[in-house]
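Down below is the structure, laid out as structure tokens.
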Amino acid sequence: AQSVTQPDIHITVSEGASLELRCNYSYGATPYLFWYVQSPGQGLQLLLKYFSGDTLVQGIKGFEAEFKRSQSSFNLRKPSVHWSDAAEYFCYVGGTSYGKLTFGQGTILTVHP
Amino acid sequence: ETGVTQSPTHLIKTRGQQVTLRCSSQSGHNTVSWYQQALGQGPQFIFQYYREEENGRGNFPPRFSGLQFPNYSSELNVNALELDDSALYLCASSLEREIYGYTFGSGTRLTVV
């Protein structure tokens with residue numbers, strides 16, 4: 001069955017520290033991969049996406065993600081976290097199922113000053 | 001370009017009632033997907049409309065129904081409301097299904113009492 005897993009429900013980092021949020025997927029073909037961020041009570045904002053080509057993709061707000069086919073992963077990274085990055089982050093795997101693949105369960109990021 | 005607009009932003013309904021939520025898609029987008037997000041959960045796919053046709057449906061009962069209009073705006077209708085229908089309902093639009101990534105609205109917060 002197709003699925004997406006975010007192993008970390010809650011991550012806490014200090015401001016200025018580096019960040020890596022994990023996303024693992026199970027999908028039978030080459031997936032389209034996305035990361036979204038959600039502030040409390042708000043909709044989701046697209047951070048970055050991967051369709052093909054260079055496996056390291058750059059997104060908004062200084063985020064990047066790397067697609068590793070051998071590990072079925074698409075981890076999100078940021079070299080230096082800002083307090084405003086505190087939010088919930090969702091990995092999304094899409095493709096020909098047109099939306100039937102739902103989001104991962106999300107990772108809540110807390111940033112300590 | 002305009003983003004995705006949802007109305008109303010908040011709504012309180014009584015169990016057994018019916019509700020209609022509305023979504024104006026981003027200019028140029030022909031695909032609209034609806035998601036239900038319960039408190040503390042990731043978004044769950046309800047259904048998707050592509051060029052006015054339903055293009056996929058998640059595990060939601062038939063009392064959840066939708067429409068997409070020629071201008072690609074959309075409605076989500078829920079009949080016979082249950083307490084568990086209380087959630088944030090998110091509308092997302094995209095160009096050509098999900099390939100390019102969704103643009104999300106800020107959602108409608110539905111409370112069923």
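Residue numbering restarts at 1 for every chain of the structure tokens, chains are lettered A, B, ... in their displayed order, and ligands are numbered from 1 as they appear.
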> Using only C-alpha atoms, which residues sit within 8 Å of B:Trp34 once same-chain residues fewer than 5 positions away are excluded, as a VMD selection string?
Replying inline: chain B and resid 45 to 48 76 89 to 92
Please produce a file of those selected residues containing C-alpha atoms, as a PDB file, in the first residue's frame.
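This went into again12.pdb:
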```
ATOM      1  CA  PHE B  45      -8.303  13.790   1.484  1.00  0.00           C
ATOM      2  CA  ILE B  46     -12.045  14.100   0.847  1.00  0.00           C
ATOM      3  CA  PHE B  47     -12.236  14.431  -2.925  1.00  0.00           C
ATOM      4  CA  GLN B  48     -10.826  16.224  -5.920  1.00  0.00           C
ATOM      5  CA  LEU B  76     -18.274  21.114  -0.306  1.00  0.00           C
ATOM      6  CA  TYR B  89     -11.817  22.100   6.096  1.00  0.00           C
ATOM      7  CA  LEU B  90      -9.127  23.030   3.643  1.00  0.00           C
ATOM      8  CA  CYS B  91      -9.539  23.734  -0.023  1.00  0.00           C
ATOM      9  CA  ALA B  92      -6.544  23.515  -2.309  1.00  0.00           C
TER      10      ALA B  92
END
```
> Which of chain A counts as helix (DSSP H, G or I) under DSSP, as an NGL selection string please?
Replying inline: :A and (60-62 or 69-71 or 83-85)
Keeping only N, CA and C atoms, take the residues you just selected and write them out as a compact mmCIF listing (two decimals), in the first residue's frame.
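Result file part_21.txt:
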```
# COMPACT_ATOMS: atom_id res chain seq x y z
N ILE A 60 11.46 27.89 -0.25
CA ILE A 60 11.34 29.21 0.34
C ILE A 60 11.82 29.18 1.78
N LYS A 61 12.07 30.35 2.34
CA LYS A 61 12.44 30.52 3.74
C LYS A 61 13.73 29.79 4.11
N GLY A 62 14.59 29.53 3.14
CA GLY A 62 15.88 28.92 3.42
C GLY A 62 15.86 27.41 3.59
N ARG A 69 16.27 8.13 -3.49
CA ARG A 69 15.44 7.02 -3.98
C ARG A 69 15.76 5.72 -3.24
N SER A 70 17.04 5.47 -3.00
CA SER A 70 17.44 4.20 -2.36
C SER A 70 16.89 4.07 -0.96
N GLN A 71 16.64 5.21 -0.31
CA GLN A 71 16.11 5.19 1.05
C GLN A 71 14.63 5.57 1.10
N TRP A 83 13.13 31.60 15.04
CA TRP A 83 11.97 31.39 15.90
C TRP A 83 10.68 31.34 15.08
N SER A 84 10.64 32.07 13.97
CA SER A 84 9.44 32.10 13.14
C SER A 84 9.20 30.80 12.38
N ASP A 85 10.15 29.88 12.43
CA ASP A 85 9.96 28.59 11.77
C ASP A 85 9.11 27.63 12.60
```
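If you measure from each of B:Gln17, B:Thr2, B:Thr111, B:Ser7 to B:Val78 using only C-alpha atoms, the closest one turns out to be B:Gln17.
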To test your reading of the structure, identify every residue in chain B that backbone DSSP assigns to strand (DSSP E), and report it as a CSV table (one decimal) with C-alpha atoms, in the first residue's frame.
```csv
chain,number,residue,atom,x,y,z
B,5,THR,CA,-10.3,32.0,-0.8
B,6,GLN,CA,-12.6,30.0,1.4
B,7,SER,CA,-15.8,31.1,3.0
B,10,HIS,CA,-15.8,29.9,11.0
B,11,LEU,CA,-19.1,28.2,11.3
B,12,ILE,CA,-21.2,26.6,14.1
B,13,LYS,CA,-23.8,24.1,13.2
B,19,VAL,CA,-23.6,22.8,5.6
B,20,THR,CA,-22.1,24.3,2.4
B,21,LEU,CA,-18.5,25.5,2.3
B,22,ARG,CA,-17.2,27.5,-0.6
B,23,CYS,CA,-13.8,27.8,-2.3
B,24,SER,CA,-12.5,30.2,-5.0
B,31,THR,CA,-8.2,21.5,-10.0
B,32,VAL,CA,-9.7,21.7,-6.6
B,33,SER,CA,-9.2,19.3,-3.7
B,34,TRP,CA,-10.9,19.3,-0.3
B,35,TYR,CA,-9.3,18.1,2.9
B,36,GLN,CA,-10.6,17.6,6.4
B,37,GLN,CA,-8.2,18.3,9.2
B,44,GLN,CA,-7.4,13.8,5.2
B,45,PHE,CA,-8.3,13.8,1.5
B,46,ILE,CA,-12.0,14.1,0.8
B,47,PHE,CA,-12.2,14.4,-2.9
B,48,GLN,CA,-10.8,16.2,-5.9
B,49,TYR,CA,-12.5,17.9,-8.9
B,50,TYR,CA,-10.7,18.4,-12.2
B,53,GLU,CA,-15.6,16.2,-12.8
B,54,GLU,CA,-14.9,14.3,-9.6
B,55,ASN,CA,-11.4,12.9,-10.1
B,56,GLY,CA,-10.9,10.9,-6.9
B,57,ARG,CA,-12.4,10.4,-3.5
B,64,PHE,CA,-19.9,14.5,1.8
B,65,SER,CA,-20.5,15.8,-1.7
B,66,GLY,CA,-19.1,18.5,-3.9
B,67,LEU,CA,-19.3,20.5,-7.0
B,68,GLN,CA,-17.0,22.4,-9.2
B,74,SER,CA,-16.0,24.7,-5.7
B,75,GLU,CA,-18.4,23.8,-3.0
B,76,LEU,CA,-18.3,21.1,-0.3
B,77,ASN,CA,-21.6,20.0,1.1
B,78,VAL,CA,-22.0,17.9,4.2
B,87,ALA,CA,-12.7,20.1,11.9
B,88,LEU,CA,-10.8,22.6,9.7
B,89,TYR,CA,-11.8,22.1,6.1
B,90,LEU,CA,-9.1,23.0,3.6
B,91,CYS,CA,-9.5,23.7,0.0
B,92,ALA,CA,-6.5,23.5,-2.3
B,93,SER,CA,-6.3,24.4,-6.0
B,94,SER,CA,-3.7,23.4,-8.5
B,103,THR,CA,-2.1,26.3,-3.1
B,104,PHE,CA,-4.2,26.1,0.0
B,108,THR,CA,-13.1,26.9,7.2
B,109,ARG,CA,-13.4,26.0,10.9
B,110,LEU,CA,-16.6,24.0,11.3
B,111,THR,CA,-17.9,23.2,14.8
B,112,VAL,CA,-20.8,20.8,15.2
```
Per residue of chain A within 12 Å of chain B, what are the shortest atom pair and its distance in Å to one decimal, counting only C-alpha atoms, with rows by chain and residue number, as a tab-separated table?
```
residue	atom	partner	partner_atom	distance
A:Val4	CA	B:Gly42	CA	11.4
A:Thr5	CA	B:Gly42	CA	11.3
A:Gln6	CA	B:Gly42	CA	10.8
A:Ile9	CA	B:Gly40	CA	10.4
A:His10	CA	B:Gly40	CA	11.6
A:Pro31	CA	B:Ile99	CA	10.0
A:Tyr32	CA	B:Ile99	CA	7.1
A:Leu33	CA	B:Gly101	CA	8.9
A:Phe34	CA	B:Gly101	CA	7.3
A:Trp35	CA	B:Gly101	CA	9.6
A:Tyr36	CA	B:Tyr102	CA	9.5
A:Val37	CA	B:Phe104	CA	10.8
A:Gln38	CA	B:Ser106	CA	9.7
A:Ser39	CA	B:Ser106	CA	10.0
A:Pro40	CA	B:Gly40	CA	10.2
A:Gly41	CA	B:Ser106	CA	7.8
A:Gln42	CA	B:Ser106	CA	5.0
A:Gly43	CA	B:Ser106	CA	4.0
A:Leu44	CA	B:Phe104	CA	5.6
A:Gln45	CA	B:Phe104	CA	6.7
A:Leu46	CA	B:Thr103	CA	7.1
A:Leu47	CA	B:Gly101	CA	10.0
A:Leu48	CA	B:Gly101	CA	8.8
A:Lys49	CA	B:Gly101	CA	7.3
A:Tyr50	CA	B:Tyr100	CA	9.4
A:Phe51	CA	B:Ile99	CA	8.2
A:Ser52	CA	B:Ile99	CA	11.5
A:Glu88	CA	B:Gly42	CA	9.5
A:Tyr89	CA	B:Gly42	CA	9.6
A:Phe90	CA	B:Gly42	CA	7.6
A:Cys91	CA	B:Gly42	CA	9.8
A:Tyr92	CA	B:Gly101	CA	9.5
A:Val93	CA	B:Glu98	CA	10.0
A:Gly94	CA	B:Glu98	CA	7.0
A:Gly95	CA	B:Ile99	CA	7.0
A:Thr96	CA	B:Glu98	CA	8.7
A:Ser97	CA	B:Gly56	CA	7.9
A:Tyr98	CA	B:Glu98	CA	6.2
A:Gly99	CA	B:Phe45	CA	6.8
A:Lys100	CA	B:Gly58	CA	6.2
A:Leu101	CA	B:Phe45	CA	7.8
A:Thr102	CA	B:Phe45	CA	5.9
A:Phe103	CA	B:Pro43	CA	6.2
A:Gly104	CA	B:Gly42	CA	6.5
A:Gln105	CA	B:Gly42	CA	4.8
A:Gly106	CA	B:Gly42	CA	6.0
A:Thr107	CA	B:Gly42	CA	9.5
A:Ile108	CA	B:Gly40	CA	9.7
```
>> Set the distance at 8 Å and use only C-alpha atoms: which residues neighbour A:Thr110 once local chain neighbours fewer than 3 positions away are removed? I'd like the list as a VMD selection string.
In response: chain A and resid 10 to 13 86 to 87
>> Quick one: residues within 9 Å of A:Phe67, only C-alpha atoms, excluding same-chain residues fewer than 3 positions away - as JSON, numbers by chain?
In response: {"A": [33, 50, 54, 55, 56, 57, 71, 72, 73, 74, 75]}
